[in-house]
>>> print(open('entry.csv').read())   # CSV, C-alpha atoms
chain,number,residue,atom,x,y,z
A,1,MET,CA,180.8,252.4,149.2
A,2,HIS,CA,179.7,248.9,150.2
A,3,LEU,CA,176.2,247.7,149.6
A,4,SER,CA,173.5,247.1,152.2
A,5,ASP,CA,170.4,244.8,152.2
A,6,THR,CA,168.2,247.9,152.3
A,7,ARG,CA,169.8,249.5,149.3
A,8,ILE,CA,169.6,246.3,147.3
A,9,ARG,CA,165.9,245.8,148.2
A,10,ASN,CA,165.1,249.4,147.2
A,11,ALA,CA,166.9,249.4,143.9
A,12,LYS,CA,164.4,250.0,141.1
A,13,ALA,CA,164.6,248.9,137.5
A,14,SER,CA,165.3,251.6,134.8
A,15,GLU,CA,165.3,251.7,131.1
A,16,LYS,CA,168.9,250.6,131.0
A,17,PRO,CA,170.7,248.1,133.1
A,18,TYR,CA,172.9,249.5,135.8
A,19,LYS,CA,175.4,248.3,138.5
A,20,LEU,CA,175.5,248.6,142.3
A,21,ARG,CA,179.1,248.0,143.3
A,22,ASP,CA,180.1,246.3,146.6
A,23,GLY,CA,183.9,246.2,146.2
A,24,GLY,CA,186.5,243.6,145.3
A,25,GLY,CA,185.0,243.3,141.8
A,26,LEU,CA,181.6,242.2,143.2
A,27,TYR,CA,178.5,244.1,141.9
A,28,LEU,CA,174.8,243.7,141.5
A,29,GLU,CA,173.4,244.2,138.0
A,30,VAL,CA,169.9,245.6,138.0
A,31,ARG,CA,168.1,244.9,134.7
A,32,PRO,CA,165.1,246.7,133.0
A,33,ASN,CA,162.8,243.7,133.7
A,34,GLY,CA,163.6,244.0,137.4
A,35,ALA,CA,166.0,241.1,137.7
A,36,LYS,CA,168.9,241.6,140.1
A,37,LEU,CA,172.0,239.5,139.3
A,38,TRP,CA,175.3,239.1,141.2
A,39,ARG,CA,178.4,239.4,139.1
A,40,LEU,CA,182.2,239.3,139.9
A,41,ARG,CA,184.6,241.1,137.5
A,42,TYR,CA,188.1,239.6,137.6
A,43,ARG,CA,191.3,239.2,135.5
A,44,LEU,CA,192.9,235.8,134.7
A,45,ALA,CA,195.9,235.3,132.5
A,46,GLY,CA,195.8,239.0,131.5
A,47,LYS,CA,192.2,238.8,130.3
A,48,GLU,CA,189.1,240.4,131.9
A,49,ASN,CA,186.3,238.0,132.8
A,50,VAL,CA,182.9,238.1,134.5
A,51,TYR,CA,181.7,235.4,136.8
A,52,ALA,CA,177.9,235.0,137.3
A,53,ILE,CA,177.4,234.3,141.0
A,54,GLY,CA,173.6,234.0,140.8
A,55,PRO,CA,170.3,236.0,141.2
A,56,TYR,CA,169.1,238.1,144.1
A,57,PRO,CA,167.3,237.3,146.4
A,58,GLU,CA,168.0,233.6,145.9
A,59,LYS,CA,171.5,234.6,146.9
A,60,GLY,CA,171.7,237.3,149.5
A,61,LEU,CA,174.4,239.8,150.1
A,62,ALA,CA,176.3,237.6,152.6
A,63,GLU,CA,176.2,234.6,150.3
A,64,ALA,CA,177.4,236.7,147.4
A,65,ARG,CA,180.4,238.0,149.4
A,66,GLU,CA,181.3,234.4,150.5
A,67,GLU,CA,181.2,233.2,146.9
A,68,ARG,CA,183.4,236.2,145.9
A,69,THR,CA,185.9,235.2,148.5
A,70,ALA,CA,185.9,231.6,147.4
A,71,ALA,CA,186.1,232.6,143.7
A,72,LYS,CA,189.1,234.9,144.4
A,73,LYS,CA,191.0,232.0,146.0
A,74,LEU,CA,190.5,230.0,142.9
A,75,ILE,CA,191.5,232.9,140.6
A,76,LYS,CA,194.7,233.4,142.7
A,77,LYS,CA,195.6,229.7,141.9
A,78,GLY,CA,194.9,230.4,138.2
A,79,ILE,CA,191.6,228.5,138.2
A,80,ASN,CA,188.6,229.8,136.3
A,81,PRO,CA,185.7,229.8,138.9
A,82,ALA,CA,183.0,229.3,136.3
A,83,ARG,CA,184.7,226.2,134.9
A,84,HIS,CA,185.4,225.0,138.4
A,85,ARG,CA,181.7,225.3,139.4
A,86,LYS,CA,180.7,223.4,136.3
A,87,LEU,CA,183.1,220.6,137.1
A,88,GLU,CA,181.8,220.4,140.7
A,89,ARG,CA,178.2,220.3,139.4
A,90,LEU,CA,179.1,217.4,137.1
A,91,ARG,CA,180.9,215.6,139.9
A,92,ASN,CA,178.0,216.0,142.3
A,93,GLU,CA,175.6,214.8,139.6
A,94,ASN,CA,177.8,211.8,138.9
A,95,GLU,CA,178.1,210.9,142.6
A,96,HIS,CA,174.3,211.2,143.0
A,97,ALA,CA,173.9,208.7,140.1
A,98,ASN,CA,176.5,206.4,141.7
A,99,THR,CA,175.1,206.1,145.3
A,100,PHE,CA,175.8,202.9,147.2
A,101,GLU,CA,172.2,201.8,146.5
A,102,THR,CA,172.5,202.4,142.8
A,103,VAL,CA,175.7,200.3,142.6
A,104,ALA,CA,174.3,197.6,144.9
A,105,ARG,CA,171.3,197.1,142.7
A,106,GLU,CA,173.5,196.8,139.7
A,107,TRP,CA,175.6,194.2,141.5
A,108,LEU,CA,172.4,192.3,142.4
A,109,ALA,CA,171.3,192.3,138.8
A,110,ASN,CA,174.7,191.2,137.6
A,111,ASN,CA,174.5,188.1,139.9
A,112,ALA,CA,170.9,187.2,139.4
A,113,ASP,CA,171.6,184.6,136.7
A,114,TYR,CA,174.3,182.9,138.8
A,115,TRP,CA,172.7,182.8,142.3
A,116,THR,CA,169.9,180.6,143.5
A,117,ALA,CA,166.6,182.5,144.2
A,118,LYS,CA,167.3,181.9,148.0
A,119,THR,CA,170.8,183.5,147.7
A,120,TYR,CA,169.4,186.5,145.8
A,121,GLN,CA,166.6,187.1,148.2
A,122,GLN,CA,168.9,186.8,151.2
A,123,ARG,CA,171.3,189.4,149.8
A,124,GLU,CA,168.5,191.8,148.7
A,125,ARG,CA,166.7,191.4,152.1
A,126,ILE,CA,169.8,192.3,154.2
A,127,LEU,CA,170.5,195.3,151.9
A,128,LYS,CA,167.0,196.7,152.2
A,129,ARG,CA,166.7,196.0,155.9
A,130,ASP,CA,170.1,196.9,157.4
A,131,ILE,CA,172.3,198.6,154.8
A,132,PHE,CA,170.4,200.9,152.5
A,133,PRO,CA,168.8,202.9,155.4
A,134,GLU,CA,172.3,203.7,156.6
A,135,ILE,CA,174.5,204.2,153.5
A,136,GLY,CA,172.2,203.7,150.5
A,137,ALA,CA,172.0,207.4,149.7
A,138,LEU,CA,175.7,208.1,150.1
A,139,PRO,CA,177.9,208.3,147.0
A,140,LEU,CA,179.9,205.0,146.9
A,141,ARG,CA,183.2,206.7,147.4
A,142,GLN,CA,182.0,208.3,150.6
A,143,VAL,CA,181.2,205.0,152.3
A,144,THR,CA,183.8,204.6,155.1
A,145,SER,CA,185.1,201.7,157.2
A,146,ALA,CA,183.4,203.3,160.2
A,147,HIS,CA,180.0,203.1,158.4
A,148,VAL,CA,180.5,199.4,157.6
A,149,LEU,CA,181.7,198.6,161.1
A,150,SER,CA,178.7,200.2,162.7
A,151,ILE,CA,176.3,198.4,160.4
A,152,VAL,CA,177.8,194.9,160.8
A,153,GLN,CA,178.1,195.2,164.6
A,154,ARG,CA,174.4,196.1,164.8
A,155,ILE,CA,173.5,193.1,162.7
A,156,GLU,CA,175.8,190.9,164.7
A,157,LYS,CA,173.7,191.5,167.9
A,158,ARG,CA,170.6,190.2,166.1
A,159,ALA,CA,172.1,187.5,163.8
A,160,PRO,CA,175.8,186.8,163.8
A,161,SER,CA,175.7,184.8,160.6
A,162,MET,CA,173.9,187.6,158.7
A,163,ALA,CA,176.5,190.1,159.9
A,164,VAL,CA,179.1,188.1,158.0
A,165,ILE,CA,176.9,188.0,154.9
A,166,GLY,CA,176.3,191.7,155.2
A,167,LYS,CA,180.0,192.6,155.3
A,168,GLN,CA,180.7,190.3,152.4
A,169,ALA,CA,178.0,192.0,150.4
A,170,ILE,CA,179.3,195.5,151.1
A,171,GLY,CA,182.8,194.4,150.1
A,172,ALA,CA,181.6,192.8,146.9
A,173,ILE,CA,179.6,195.9,146.0
A,174,CYS,CA,182.5,198.2,146.6
A,175,ARG,CA,184.8,196.0,144.6
A,176,HIS,CA,182.3,196.1,141.8
A,177,GLY,CA,182.5,199.9,142.1
A,178,ILE,CA,186.3,199.8,141.9
A,179,SER,CA,186.1,197.7,138.7
A,180,THR,CA,183.7,200.2,137.2
A,181,LEU,CA,185.8,203.2,138.3
A,182,ARG,CA,183.2,204.6,140.7
A,183,THR,CA,185.4,204.3,143.8
A,184,GLU,CA,189.0,203.6,144.7
A,185,HIS,CA,188.7,201.6,147.9
A,186,ASP,CA,187.0,198.7,149.7
A,187,PRO,CA,186.0,199.9,153.2
A,188,THR,CA,185.6,196.4,154.5
A,189,GLN,CA,189.4,195.6,154.2
A,190,PRO,CA,190.5,197.6,157.3
A,191,ILE,CA,187.9,195.9,159.5
A,192,GLN,CA,188.8,192.3,158.7
A,193,GLY,CA,188.5,190.3,161.9
A,194,SER,CA,186.1,192.8,163.5
A,195,LEU,CA,183.4,190.2,163.9
A,196,LYS,CA,183.6,187.6,166.6
A,197,ARG,CA,184.8,184.2,165.3
A,198,ARG,CA,182.1,181.6,165.7
A,199,LYS,CA,182.6,177.9,165.9
A,200,VAL,CA,181.6,176.3,162.6
A,201,GLN,CA,179.0,173.6,163.0
A,202,HIS,CA,179.6,171.1,160.2
A,203,SER,CA,176.8,168.7,159.2
A,204,MET,CA,178.2,165.5,160.8
A,205,PRO,CA,176.9,162.2,159.5
A,206,LEU,CA,174.7,160.1,161.7
A,207,SER,CA,175.7,156.6,162.6
A,208,ARG,CA,173.5,153.8,161.3
A,209,ALA,CA,171.9,153.4,164.8
A,210,GLU,CA,171.2,157.2,164.9
A,211,LEU,CA,169.8,157.1,161.4
A,212,ALA,CA,167.5,154.2,162.3
A,213,ASP,CA,166.4,156.2,165.4
A,214,LEU,CA,165.7,159.3,163.2
A,215,ILE,CA,163.6,157.3,160.8
A,216,ASN,CA,161.5,155.8,163.5
A,217,SER,CA,161.2,159.1,165.3
A,218,LEU,CA,160.0,160.6,162.0
A,219,ASP,CA,157.2,158.0,161.8
A,220,ARG,CA,156.1,159.0,165.3
A,221,TYR,CA,156.3,162.7,164.6
A,222,PRO,CA,152.9,164.2,165.7
A,223,GLY,CA,153.2,167.5,163.8
A,224,HIS,CA,152.1,168.5,160.3
A,225,TYR,CA,152.0,165.6,157.8
A,226,SER,CA,153.6,167.6,155.0
A,227,ASN,CA,156.7,168.4,157.2
A,228,ARG,CA,157.2,164.7,157.9
A,229,ILE,CA,156.9,164.0,154.2
A,230,ALA,CA,159.4,166.7,153.3
A,231,LEU,CA,162.1,165.2,155.6
A,232,ARG,CA,161.3,161.7,154.2
A,233,LEU,CA,161.7,162.9,150.7
A,234,MET,CA,165.1,164.4,151.6
A,235,LEU,CA,166.1,161.0,153.0
A,236,LEU,CA,164.9,159.2,149.9
A,237,THR,CA,166.6,161.5,147.4
A,238,LEU,CA,169.5,163.2,149.3
A,239,ALA,CA,168.4,166.5,147.8
A,240,ARG,CA,169.1,169.8,149.6
A,241,THR,CA,166.5,171.3,152.0
A,242,SER,CA,165.8,174.3,149.6
A,243,GLU,CA,165.4,171.9,146.6
A,244,VAL,CA,162.8,169.8,148.4
A,245,LEU,CA,160.8,172.6,150.1
A,246,ARG,CA,160.5,174.6,146.8
A,247,ALA,CA,159.7,171.6,144.7
A,248,LYS,CA,156.7,171.9,142.3
A,249,TRP,CA,154.5,169.1,141.1
A,250,ASP,CA,155.2,169.8,137.4
A,251,GLU,CA,158.9,168.9,138.0
A,252,PHE,CA,158.1,165.2,138.6
A,253,ASP,CA,157.7,162.6,135.9
A,254,PHE,CA,155.8,159.7,137.4
A,255,GLU,CA,156.3,157.6,134.3
A,256,GLN,CA,160.0,158.1,134.0
A,257,LEU,CA,160.3,157.9,137.8
A,258,GLN,CA,162.5,161.0,138.0
A,259,TRP,CA,162.5,164.6,139.3
A,260,THR,CA,164.0,167.4,137.3
A,261,ILE,CA,165.1,170.3,139.4
A,262,PRO,CA,165.4,173.5,137.2
A,263,ALA,CA,168.7,175.3,137.0
A,264,GLU,CA,167.4,178.5,138.7
A,265,ARG,CA,166.8,176.5,142.0
A,266,MET,CA,170.1,174.7,142.0
A,267,LYS,CA,173.1,175.9,143.9
A,268,MET,CA,175.4,175.5,140.9
A,269,ARG,CA,172.9,176.9,138.4
A,270,ASP,CA,172.5,173.7,136.4
A,271,HIS,CA,169.4,171.5,136.2
A,272,HIS,CA,169.6,168.3,138.1
A,273,LEU,CA,167.9,164.9,137.4
A,274,VAL,CA,167.0,163.0,140.5
A,275,PRO,CA,166.0,159.3,140.1
A,276,LEU,CA,163.0,158.3,142.3
A,277,PRO,CA,163.0,155.0,144.1
A,278,SER,CA,159.6,153.2,144.4
A,279,GLN,CA,159.3,154.4,148.0
A,280,ALA,CA,159.6,158.0,146.9
A,281,ILE,CA,156.9,157.5,144.3
A,282,GLU,CA,154.6,156.0,146.9
A,283,THR,CA,155.3,158.9,149.3
A,284,LEU,CA,154.6,161.5,146.5
A,285,ASN,CA,151.3,159.8,145.6
A,286,ASN,CA,150.2,160.0,149.2
A,287,LEU,CA,151.3,163.6,149.5
A,288,LYS,CA,149.4,164.6,146.3
A,289,VAL,CA,146.1,163.8,148.0
A,290,VAL,CA,146.9,166.4,150.6
A,291,THR,CA,148.7,169.2,148.6
A,292,GLY,CA,148.0,168.4,145.0
A,293,ASN,CA,145.8,171.5,144.6
A,294,SER,CA,148.9,173.7,145.0
A,295,PRO,CA,151.7,174.1,142.5
A,296,TYR,CA,154.1,173.3,145.4
A,297,LEU,CA,154.6,170.0,147.1
A,298,PHE,CA,155.0,171.8,150.4
A,299,PRO,CA,152.9,175.0,150.2
A,300,ASN,CA,152.9,177.9,152.7
A,301,ARG,CA,149.9,177.3,154.9
A,302,SER,CA,148.7,180.9,154.6
A,303,ASN,CA,149.1,181.0,150.8
A,304,TYR,CA,149.0,177.7,148.7
A,305,HIS,CA,150.6,179.6,145.8
A,306,LYS,CA,153.9,180.0,147.7
A,307,PRO,CA,156.3,177.5,149.1
A,308,CYS,CA,156.7,176.9,152.8
A,309,SER,CA,159.3,178.6,154.9
A,310,HIS,CA,162.9,177.1,155.0
A,311,GLY,CA,162.7,177.1,158.8
A,312,VAL,CA,159.9,174.4,159.1
A,313,LEU,CA,162.3,171.5,159.0
A,314,TRP,CA,164.7,173.0,161.5
A,315,LYS,CA,161.8,173.6,163.9
A,316,MET,CA,160.7,170.0,163.3
A,317,ILE,CA,164.2,168.6,164.0
A,318,ALA,CA,164.3,170.6,167.2
A,319,SER,CA,160.9,169.5,168.3
A,320,MET,CA,162.0,165.8,167.8
A,321,GLY,CA,164.9,166.3,170.1
A,322,TYR,CA,167.7,166.6,167.5
A,323,LYS,CA,168.5,170.3,167.8
A,324,GLU,CA,172.0,169.9,169.1
A,325,ARG,CA,172.8,166.6,167.4
A,326,PHE,CA,171.6,166.9,163.8
A,327,SER,CA,170.5,169.3,161.0
A,328,PRO,CA,168.5,168.6,157.9
A,329,HIS,CA,171.6,169.1,155.8
A,330,GLY,CA,173.2,166.2,157.7
A,331,ILE,CA,171.0,163.8,155.7
A,332,ARG,CA,173.3,164.4,152.7
A,333,SER,CA,176.5,163.7,154.5
A,334,THR,CA,175.0,160.7,156.2
A,335,GLY,CA,173.9,159.2,152.8
A,336,SER,CA,177.2,160.0,151.2
A,337,THR,CA,179.1,158.3,154.0
A,338,ILE,CA,177.1,155.1,154.0
A,339,LEU,CA,177.0,154.9,150.2
A,340,ASN,CA,180.8,155.3,150.0
A,341,GLU,CA,181.3,152.8,152.7
A,342,THR,CA,179.1,150.4,150.9
A,343,GLY,CA,181.2,150.5,147.8
A,344,PHE,CA,179.2,152.7,145.3
A,345,ARG,CA,181.4,154.7,142.9
A,346,PRO,CA,182.3,158.1,144.3
A,347,ASP,CA,181.5,159.8,140.9
A,348,VAL,CA,178.0,158.4,141.0
A,349,ILE,CA,177.5,159.5,144.6
A,350,GLU,CA,178.8,163.0,143.8
A,351,ARG,CA,176.5,163.3,140.8
A,352,GLN,CA,173.5,162.3,143.0
A,353,LEU,CA,174.4,165.0,145.5
A,354,ALA,CA,174.6,167.5,142.6
A,355,HIS,CA,178.2,168.4,143.4
A,356,THR,CA,179.1,170.0,140.1
A,357,GLU,CA,181.9,168.7,137.9
A,358,ARG,CA,184.2,171.6,136.9
A,359,ASN,CA,185.0,170.0,133.6
A,360,LYS,CA,181.9,170.8,131.5
A,361,VAL,CA,182.4,168.0,129.0
A,362,ARG,CA,182.8,165.5,131.8
A,363,ALA,CA,179.9,167.0,133.6
A,364,SER,CA,177.6,166.4,130.5
A,365,TYR,CA,178.8,162.8,130.3
A,366,ASN,CA,178.2,162.2,134.0
A,367,GLN,CA,174.7,163.7,133.8
A,368,ALA,CA,173.8,161.4,130.9
A,369,ASN,CA,175.6,158.2,131.8
A,370,TYR,CA,175.4,158.0,135.6
A,371,LEU,CA,171.6,158.2,135.7
A,372,GLU,CA,170.9,154.5,135.5
A,373,GLU,CA,173.6,153.8,138.0
A,374,ARG,CA,172.2,156.4,140.3
A,375,ARG,CA,168.7,154.9,139.8
A,376,ARG,CA,169.9,151.5,141.0
A,377,MET,CA,171.9,153.1,143.8
A,378,MET,CA,169.0,155.2,145.1
A,379,GLN,CA,166.7,152.2,145.1
A,380,TRP,CA,169.3,150.3,147.1
A,381,TRP,CA,169.4,153.3,149.5
A,382,ALA,CA,165.6,153.4,149.9
A,383,ASP,CA,165.5,149.7,150.6
A,384,TYR,CA,168.3,150.1,153.1
A,385,LEU,CA,166.4,152.8,154.9
A,386,ASP,CA,163.5,150.3,155.2
A,387,THR,CA,165.9,147.7,156.8
A,388,LEU,CA,167.1,150.3,159.3
A,389,LYS,CA,163.5,151.0,160.2
A,390,ALA,CA,163.0,147.3,160.8
A,391,GLY,CA,166.0,147.3,163.1
A,392,ASP,CA,168.8,145.9,160.9
A,393,THR,CA,171.8,148.3,160.8
A,394,LYS,CA,174.2,146.1,158.8
A,395,VAL,CA,175.4,147.4,155.4
A,396,VAL,CA,175.7,144.9,152.5
A,397,ALA,CA,177.7,146.1,149.5
A,398,MET,CA,175.6,145.8,146.3
A,399,LYS,CA,178.0,145.6,143.4
A,400,SER,CA,175.2,145.1,140.9
A,401,CYS,CA,173.8,148.5,141.8
A,402,GLY,CA,176.8,150.6,140.7
A,403,SER,CA,179.3,149.9,143.4
A,404,LYS,CA,183.1,149.7,142.9
A,405,GLY,CA,184.0,146.6,141.1
>>> encode(input="entry.csv", output="structure tokens")
Amino acid sequence: MHLSDTRIRNAKASEKPYKLRDGGGLYLEVRPNGAKLWRLRYRLAGKENVYAIGPYPEKGLAEAREERTAAKKLIKKGINPARHRKLERLRNENEHANTFETVAREWLANNADYWTAKTYQQRERILKRDIFPEIGALPLRQVTSAHVLSIVQRIEKRAPSMAVIGKQAIGAICRHGISTLRTEHDPTQPIQGSLKRRKVQHSMPLSRAELADLINSLDRYPGHYSNRIALRLMLLTLARTSEVLRAKWDEFDFEQLQWTIPAERMKMRDHHLVPLPSQAIETLNNLKVVTGNSPYLFPNRSNYHKPCSHGVLWKMIASMGYKERFSPHGIRSTGSTILNETGFRPDVIERQLAHTERNKVRASYNQANYLEERRRMMQWWADYLDTLKAGDTKVVAMKSCGSKG
């Protein structure tokens, strides 16, 4: 006789436990304390066993029958259902502990010491904004190429360059998961080429006449004074945009006439010494009157304890009419071109641009021994910018300032 929900509900406890059978080995054990427990009796490898399905009413009659059917399929294959359930529980717990977000945050932490703050924040921002809401809670091994394609195509509509970064981040996270045995595949591989190829805009150097025009346009710029000074400091030092805009006053030594950019803000994670020509010192002294009460040379206008946005110079360049012709980063390629054409040693120029030497011993030598050459070279460069401003676009090689002999 099969059980019914009514019979189960009406079953009363007695002094001794008793069983209500449903058939196929399934029964309900009613205990003296009133507990009602589903059990399945079965034989495996010639031995009798009992499988605890769970309590009633947490598991109703229909659920108990379904689990009996599933357990019997396992038993038929020679699998112990209790052990199988334990393994499934452990696997589920393991996958919950290895969600995409968990592995992604581990990947971020592993790279924190190698990336610049800007790179770290950029990756973290796109993960939080676009990726975690979609796949963050999924076990890493369950992330599919379809998931990735949907995410990157949505990002691409808003910001094509960020879509590339997002796909690269997902791929790197999955490869980290592969190396730590938490997944077996990288779902970004099948969708290589799914994003539209975009024309790469390289930072083309300006001609001498164009550089002279930029310098004079900068002097006429009617916008914020600190923005104008930021671009001028880039011109005088050939430092990167991020290095200038996040510069702090305590990084500058006005007696030694040099600027030490700490390793955590450098692209290659090594501190960089920047010699300061007299024009840069004068510019900094003028700026200090305006922003000296902030730790930053170029503070955020709404919070002086934070640096300004990276976009301010791009907007400035656009407002000056250079949007399609020039980018702030082009200052570095322009300086490199002119200094090389003038005859300065390539190693000295590369060191000034903080292009890291792969040979660590040689890199240490270069940092220590090229400083004076760079100091002379950058003073020549600052003087040359003054001659451009005055209308003279000729270049005169200055061998005494570190040029090739």
>>> closest_residue(input="entry.csv", among="A:Ala52, A:Leu40, A:Ile331, A:Leu206", to="Arg68 (chain A)", atoms="only C-alpha atoms")
A:Leu40
>>> residues_around(input="entry.csv", residues="Glu255 (chain A)", least_positions_apart="6", cutoff="12 Å", atoms="only C-alpha atoms", output="count of residues only")
4
>>> closest_residue(input="entry.csv", among="A:Ala97, A:Gln379, A:His329, A:Glu88", to="Met204 (chain A)", atoms="all atoms listed in the file")
A:His329
>>> residues_around(input="entry.csv", residues="region 107-122 of chain A", least_positions_apart="4", cutoff="10 Å", atoms="all atoms listed in the file", output="list in words")
Glu101, Thr102, Val103, Ile126, Leu127, Met162, Ile165, Gly166, Ala169, Ala172, Ile173, Cys174, Arg175, His176, Gly177, Ser242, Ala263, Glu264, Arg265, Met266, Lys267, Met268, Arg269, Asp270 and His310 of chain A
>>> residues_around(input="entry.csv", residues="region 298-304 of chain A", least_positions_apart="6", cutoff="12 Å", atoms="only C-alpha atoms", output="ChimeraX atom specification")
/A:224-231,233,241-249,284,287-288,290-292,310-313
>>> closest_residue(input="entry.csv", among="A:Ala382, A:Leu257, A:Leu273, A:Ile215", to="Met320 (chain A)", atoms="only C-alpha atoms")
A:Ile215
>>> closest_residue(input="entry.csv", among="A:Trp380, A:Thr283, A:Gly60, A:Leu297", to="Thr342 (chain A)", atoms="only C-alpha atoms")
A:Trp380
>>> residues_near_point(input="entry.csv", point="(174.4, 203.4, 153.4)", cutoff="9 Å", atoms="only C-alpha atoms", output="ChimeraX atom specification")
/A:99-101,130-140,143,147-148,151
>>> closest_residue(input="entry.csv", among="A:Ala280, A:Ala82, A:Met377, A:Ala390", to="Arg351 (chain A)", atoms="only C-alpha atoms")
A:Met377
